[in-house]
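**Q** Pasting final.cif below, which is mmCIF, C-alpha atoms and all ligand atoms.
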```
data_work
loop_
_atom_site.group_PDB
_atom_site.id
_atom_site.type_symbol
_atom_site.label_atom_id
_atom_site.label_comp_id
_atom_site.auth_asym_id
_atom_site.auth_seq_id
_atom_site.Cartn_x
_atom_site.Cartn_y
_atom_site.Cartn_z
ATOM 1 C CA MET L 290 8.302 -44.355 -11.815
ATOM 2 C CA THR L 291 7.264 -42.990 -15.204
ATOM 3 C CA ARG L 292 3.928 -42.091 -13.714
ATOM 4 C CA ILE L 293 5.628 -40.022 -11.001
ATOM 5 C CA VAL L 294 7.669 -38.175 -13.605
ATOM 6 C CA TYR L 295 4.500 -37.414 -15.580
ATOM 7 C CA LEU L 296 2.809 -36.177 -12.423
ATOM 8 C CA ALA L 297 5.771 -33.973 -11.560
ATOM 9 C CA ILE L 298 5.738 -32.495 -15.067
ATOM 10 C CA ALA L 299 1.979 -31.965 -14.906
ATOM 11 C CA PHE L 300 2.261 -30.124 -11.587
ATOM 12 C CA SER L 301 5.126 -27.914 -12.679
ATOM 13 C CA VAL L 302 3.268 -26.962 -15.864
ATOM 14 C CA PHE L 303 0.253 -26.105 -13.731
ATOM 15 C CA ALA L 304 2.383 -23.991 -11.390
ATOM 16 C CA VAL L 305 3.819 -22.000 -14.296
ATOM 17 C CA ALA L 306 0.471 -21.659 -16.055
ATOM 18 C CA ALA L 307 -1.477 -20.686 -12.908
ATOM 19 C CA PRO L 308 -2.824 -17.146 -13.220
ATOM 20 C CA ALA L 309 -1.248 -14.431 -11.067
ATOM 21 C CA GLN L 310 -2.915 -14.023 -7.684
ATOM 22 C CA GLU L 311 -5.594 -11.379 -7.398
ATOM 23 C CA PRO L 312 -4.533 -8.464 -5.155
ATOM 24 C CA SER L 313 -5.661 -9.053 -1.577
ATOM 25 C CA ALA L 314 -6.490 -6.271 0.884
ATOM 26 C CA LYS L 315 -5.878 -8.653 3.804
ATOM 27 C CA ARG L 316 -2.369 -9.515 2.639
ATOM 28 C CA GLY L 317 -1.849 -5.861 1.739
ATOM 29 C CA ARG L 318 -2.538 -4.750 5.296
ATOM 30 C CA GLU L 319 -0.041 -7.301 6.647
ATOM 31 C CA ILE L 320 2.620 -6.168 4.174
ATOM 32 C CA TYR L 321 1.867 -2.491 4.871
ATOM 33 C CA MET L 322 2.430 -3.130 8.587
ATOM 34 C CA LYS L 323 5.403 -5.487 8.195
ATOM 35 C CA THR L 324 7.233 -3.193 5.753
ATOM 36 C CA GLY L 325 6.731 -0.208 8.044
ATOM 37 C CA CYS L 326 4.626 2.051 5.803
ATOM 38 C CA TYR L 327 2.464 2.641 8.876
ATOM 39 C CA THR L 328 5.306 4.331 10.755
ATOM 40 C CA CYS L 329 5.031 7.368 8.501
ATOM 41 C CA HIS L 330 1.567 7.039 6.962
ATOM 42 C CA GLY L 331 -0.420 5.754 9.962
ATOM 43 C CA THR L 332 -1.991 2.327 10.471
ATOM 44 C CA VAL L 333 -4.872 3.030 8.076
ATOM 45 C CA GLY L 334 -3.047 5.471 5.824
ATOM 46 C CA GLN L 335 -4.486 8.461 7.651
ATOM 47 C CA GLY L 336 -1.143 10.263 7.547
ATOM 48 C CA THR L 337 1.123 11.487 10.346
ATOM 49 C CA SER L 338 3.336 14.478 10.902
ATOM 50 C CA VAL L 339 5.942 12.619 8.782
ATOM 51 C CA GLY L 340 4.027 10.974 5.912
ATOM 52 C CA LEU L 341 1.138 12.104 3.758
ATOM 53 C CA LYS L 342 -2.401 10.792 4.041
ATOM 54 C CA LEU L 343 -2.781 7.829 1.655
ATOM 55 C CA ALA L 344 -6.389 6.807 2.390
ATOM 56 C CA PRO L 345 -9.370 6.960 2.253
ATOM 57 C CA ASP L 346 -9.686 7.733 -1.436
ATOM 58 C CA PRO L 347 -6.152 6.577 -2.370
ATOM 59 C CA LEU L 348 -4.326 7.270 -5.590
ATOM 60 C CA PRO L 349 -4.877 4.670 -8.350
ATOM 61 C CA ALA L 350 -2.873 1.446 -7.818
ATOM 62 C CA GLU L 351 -0.546 2.285 -10.748
ATOM 63 C CA ALA L 352 0.280 5.681 -9.250
ATOM 64 C CA ILE L 353 1.028 4.152 -5.839
ATOM 65 C CA ALA L 354 3.292 1.560 -7.460
ATOM 66 C CA ASN L 355 5.033 4.199 -9.543
ATOM 67 C CA PHE L 356 5.619 6.412 -6.525
ATOM 68 C CA ILE L 357 7.106 3.767 -4.270
ATOM 69 C CA ARG L 358 9.359 2.414 -7.058
ATOM 70 C CA ASN L 359 10.580 5.817 -8.199
ATOM 71 C CA THR L 360 10.693 8.009 -5.109
ATOM 72 C CA ASP L 361 13.272 10.640 -5.951
ATOM 73 C CA THR L 362 15.368 10.682 -2.790
ATOM 74 C CA THR L 363 17.728 13.251 -4.317
ATOM 75 C CA ALA L 364 15.080 15.934 -4.922
ATOM 76 C CA PRO L 365 15.688 19.086 -2.846
ATOM 77 C CA SER L 366 12.104 18.890 -1.580
ATOM 78 C CA TYR L 367 12.536 15.248 -0.629
ATOM 79 C CA ALA L 368 11.094 14.529 2.799
ATOM 80 C CA ALA L 369 11.872 11.020 3.979
ATOM 81 C CA MET L 370 10.386 8.206 1.962
ATOM 82 C CA PRO L 371 12.765 5.451 0.898
ATOM 83 C CA THR L 372 12.529 3.898 -2.583
ATOM 84 C CA TYR L 373 11.270 0.305 -2.441
ATOM 85 C CA SER L 374 12.763 -1.802 -5.236
ATOM 86 C CA ALA L 375 11.269 -5.079 -6.459
ATOM 87 C CA ASP L 376 13.853 -6.862 -4.273
ATOM 88 C CA VAL L 377 12.137 -5.424 -1.198
ATOM 89 C CA LEU L 378 8.506 -5.421 -2.355
ATOM 90 C CA SER L 379 7.319 -7.468 -5.339
ATOM 91 C CA ASP L 380 4.792 -6.052 -7.825
ATOM 92 C CA ALA L 381 2.181 -8.387 -6.321
ATOM 93 C CA GLU L 382 2.902 -7.057 -2.816
ATOM 94 C CA VAL L 383 2.613 -3.457 -4.034
ATOM 95 C CA ALA L 384 -0.731 -4.356 -5.634
ATOM 96 C CA ASP L 385 -1.822 -5.899 -2.327
ATOM 97 C CA ILE L 386 -0.938 -2.675 -0.470
ATOM 98 C CA ALA L 387 -2.975 -0.654 -2.989
ATOM 99 C CA ALA L 388 -5.892 -3.073 -2.511
ATOM 100 C CA PHE L 389 -5.667 -2.555 1.255
ATOM 101 C CA LEU L 390 -5.622 1.247 0.957
ATOM 102 C CA ALA L 391 -8.688 1.077 -1.324
ATOM 103 C CA THR L 392 -10.675 -0.635 1.453
ATOM 104 C CA VAL L 393 -10.137 2.098 4.069
ATOM 105 C CA PRO L 394 -13.598 3.564 4.685
ATOM 106 C CA PRO L 395 -14.187 7.326 4.642
ATOM 107 C CA SER L 396 -14.272 9.137 7.977
ATOM 108 C CA LYS L 397 -17.657 9.795 9.563
ATOM 109 C CA ASP L 398 -19.092 13.272 9.244
ATOM 110 C CA PRO L 399 -18.204 14.863 12.623
ATOM 111 C CA ASP L 400 -21.703 16.319 12.846
ATOM 112 C CA THR L 401 -23.080 12.746 13.120
ATOM 113 C CA ILE L 402 -20.937 12.123 16.256
ATOM 114 C CA PRO L 403 -22.762 13.610 19.288
ATOM 115 C CA ALA L 404 -19.568 14.665 21.135
ATOM 116 C CA LEU L 405 -18.284 16.504 18.061
ATOM 117 C CA LYS L 406 -21.541 17.943 16.734
ATOM 118 C CA GLY L 407 -21.264 21.665 16.236
ATOM 119 C CA LEU L 408 -17.573 21.758 17.186
ATOM 120 C CA THR L 409 -16.174 21.745 13.659
ATOM 121 C CA ALA L 410 -14.717 24.894 12.210
ATOM 122 C CA THR L 411 -16.811 26.757 9.689
ATOM 123 C CA ARG L 412 -16.803 24.923 6.381
HETATM 124 C C1 LIG L 501 10.182 7.191 6.500
HETATM 125 C C2 LIG L 501 8.816 7.589 6.286
HETATM 126 C C3 LIG L 501 8.038 6.870 5.192
HETATM 127 C C4 LIG L 501 7.869 5.521 5.020
HETATM 128 C C5 LIG L 501 8.456 4.373 5.838
HETATM 129 C C6 LIG L 501 6.985 5.371 3.873
HETATM 130 N N1 LIG L 501 6.630 6.594 3.389
HETATM 131 FE FE1 LIG L 501 5.413 6.944 1.819
HETATM 132 N N2 LIG L 501 5.793 8.938 1.948
HETATM 133 C C7 LIG L 501 6.554 9.533 2.944
HETATM 134 C C8 LIG L 501 6.662 10.954 2.666
HETATM 135 C C9 LIG L 501 7.423 11.977 3.510
HETATM 136 C C10 LIG L 501 5.937 11.173 1.473
HETATM 137 C C11 LIG L 501 5.821 12.479 0.682
HETATM 138 C C12 LIG L 501 7.139 12.586 -0.074
HETATM 139 C C13 LIG L 501 7.094 13.252 -1.358
HETATM 140 O O1 LIG L 501 6.026 13.679 -1.820
HETATM 141 O O2 LIG L 501 8.193 13.315 -1.987
HETATM 142 C C14 LIG L 501 5.386 9.890 1.064
HETATM 143 C C15 LIG L 501 4.590 9.703 -0.041
HETATM 144 C C16 LIG L 501 3.982 8.515 -0.381
HETATM 145 C C17 LIG L 501 3.057 8.337 -1.477
HETATM 146 C C18 LIG L 501 2.579 9.433 -2.433
HETATM 147 C C19 LIG L 501 1.357 10.067 -1.829
HETATM 148 C C20 LIG L 501 0.819 11.242 -2.614
HETATM 149 O O3 LIG L 501 -0.393 11.509 -2.494
HETATM 150 O O4 LIG L 501 1.591 11.900 -3.344
HETATM 151 C C21 LIG L 501 2.689 7.029 -1.481
HETATM 152 C C22 LIG L 501 1.692 6.354 -2.433
HETATM 153 C C23 LIG L 501 3.389 6.382 -0.392
HETATM 154 N N3 LIG L 501 4.158 7.314 0.249
HETATM 155 C C24 LIG L 501 3.265 5.055 -0.073
HETATM 156 C C25 LIG L 501 4.075 4.405 0.853
HETATM 157 C C26 LIG L 501 4.068 2.972 1.069
HETATM 158 C C27 LIG L 501 3.139 1.988 0.349
HETATM 159 C C28 LIG L 501 5.030 2.713 2.001
HETATM 160 C C29 LIG L 501 5.505 1.363 2.501
HETATM 161 C C30 LIG L 501 5.932 0.417 1.488
HETATM 162 C C31 LIG L 501 5.595 3.995 2.395
HETATM 163 N N4 LIG L 501 4.998 4.989 1.673
HETATM 164 C C32 LIG L 501 6.562 4.153 3.364
HETATM 165 C C33 LIG L 501 7.147 8.910 4.004
HETATM 166 C C34 LIG L 501 7.255 7.537 4.156
#
```
Please render this file's structure as structure tokens.
Ligand code: HEC
**A**
Amino acid sequence: MTRIVYLAIAFSVFAVAAPAQEPSAKRGREIYMKTGCYTCHGTVGQGTSVGLKLAPDPLPAEAIANFIRNTDTTAPSYAAMPTYSADVLSDAEVADIAAFLATVPPSKDPDTIPALKGLTATR
């Protein structure tokens, strides 16, 4: 019995002392889809007529976190993004979303795609 108590204490100490999980792009994509970010920002953050482009080349993770926590829904210029409190998305989940957005690869140069070559507007 005493041994079991010691084991239980050892495990709970380990659980508390375990380092925070590293942000995961895989989890971030799932959360991004499940939370509905994609409905306004597109499935890979490419942007839609409603939400801005978020990726490739996303804002730094801290800026993304700051924006989604502090969206000013009362600003006259406010478009449509809800504020996500820590009750809805934890800090770890926000970090996961940022990790996902950082993995979105840049678009191909249209001139390297035969069907689009030469069709781009003057740059
Ligand atoms: C209902 C539509 C909608 C949803 C859902 C939504 N967004 Fe947005 N988001 C917007 C709009 C519109 C803006 C621009 C608003 C502004 O600048 O005030 C924006 C801006 C942002 C920005 C700032 C981008 C920049 O370059 O300034 C980030 C980061 C962002 N959204 C992340 C997210 C994440 C992550 C989620 C999901 C947790 C999410 N958004 C869900 C509509 C949405």
**Q** To test your reading of the syntax: which residues would the PyMOL selection byres (((chain L and resi 387) around 12) and not hetatm) return for the file shown? Reply as a ChimeraX atom specification.
**A** /L:311-318,320-321,326,333-334,343-357,380-386,388-393
**Q** I'd like the box whose edges run along x, y and z of the file and which contains every listed atom of ligand LIG 501 (chain L), padded by 5 Å per side; could you state its centre and edge lengths in Å, one decimal, as lines of an AutoDock Vina configuration file?
**A**
```
center_x = 4.9
center_y = 7.0
center_z = 1.6
size_x = 20.6
size_y = 23.3
size_z = 19.8
```
**Q** Name the closest residue to ligand LIG 501 (chain L) among the candidates L:Gly336, L:Met322, L:Thr362, L:Ala369; distances are taken between atoms, counting all atoms listed in the file.
**A** L:Ala369
**Q** Which residue, L:Asp376, L:Gly331, L:Met370, L:Thr363, has the smallest gap to ligand LIG 501 (chain L) when you use all atoms listed in the file?
**A**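 Using all atoms listed in the file, the shortest distance to ligand LIG 501 (chain L) belongs to L:Met370.
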**Q** In Å to one decimal, how far is atom CA of L:His330 from atom CA of L:Asp398?
**A** 21.7 Å
**Q** Calculated over all atoms listed in the file, which of the candidates L:Gly407, L:Ile402, L:Leu341, L:Arg358 has the smallest distance to L:Val377?
**A** L:Arg358
**Q** So what do you get for atom CA of L:Ser338 versus atom CA of L:Thr360, distance-wise?
**A**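 Going from atom CA of L:Ser338 over to atom CA of L:Thr360 covers 18.8 Å.
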**Q** Atom CA of L:Val339 and atom N2 of ligand LIG 501 (chain L) are how many Å apart?
**A**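 Atom N2 of ligand LIG 501 (chain L) lies 7.8 Å from atom CA of L:Val339.
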**Q** Counting only C-alpha atoms and all ligand atoms, figure out which residue out of L:Lys323, L:Pro394, L:Leu378, L:Cys329 gets nearest to ligand LIG 501 (chain L).
**A** L:Cys329
**Q** Could you check which of L:Ser374, L:Asn359, L:Gln335, L:Thr324 is closest to ligand LIG 501 (chain L), using all atoms listed in the file?
**A**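 Of L:Ser374, L:Asn359, L:Gln335, L:Thr324, the one nearest ligand LIG 501 (chain L) is L:Thr324, counting all atoms listed in the file.
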**Q** Using all atoms listed in the file for the distances, tell me which of L:Pro395, L:Pro403, L:Pro365, L:Pro371 is nearest to ligand LIG 501 (chain L).
**A** L:Pro371
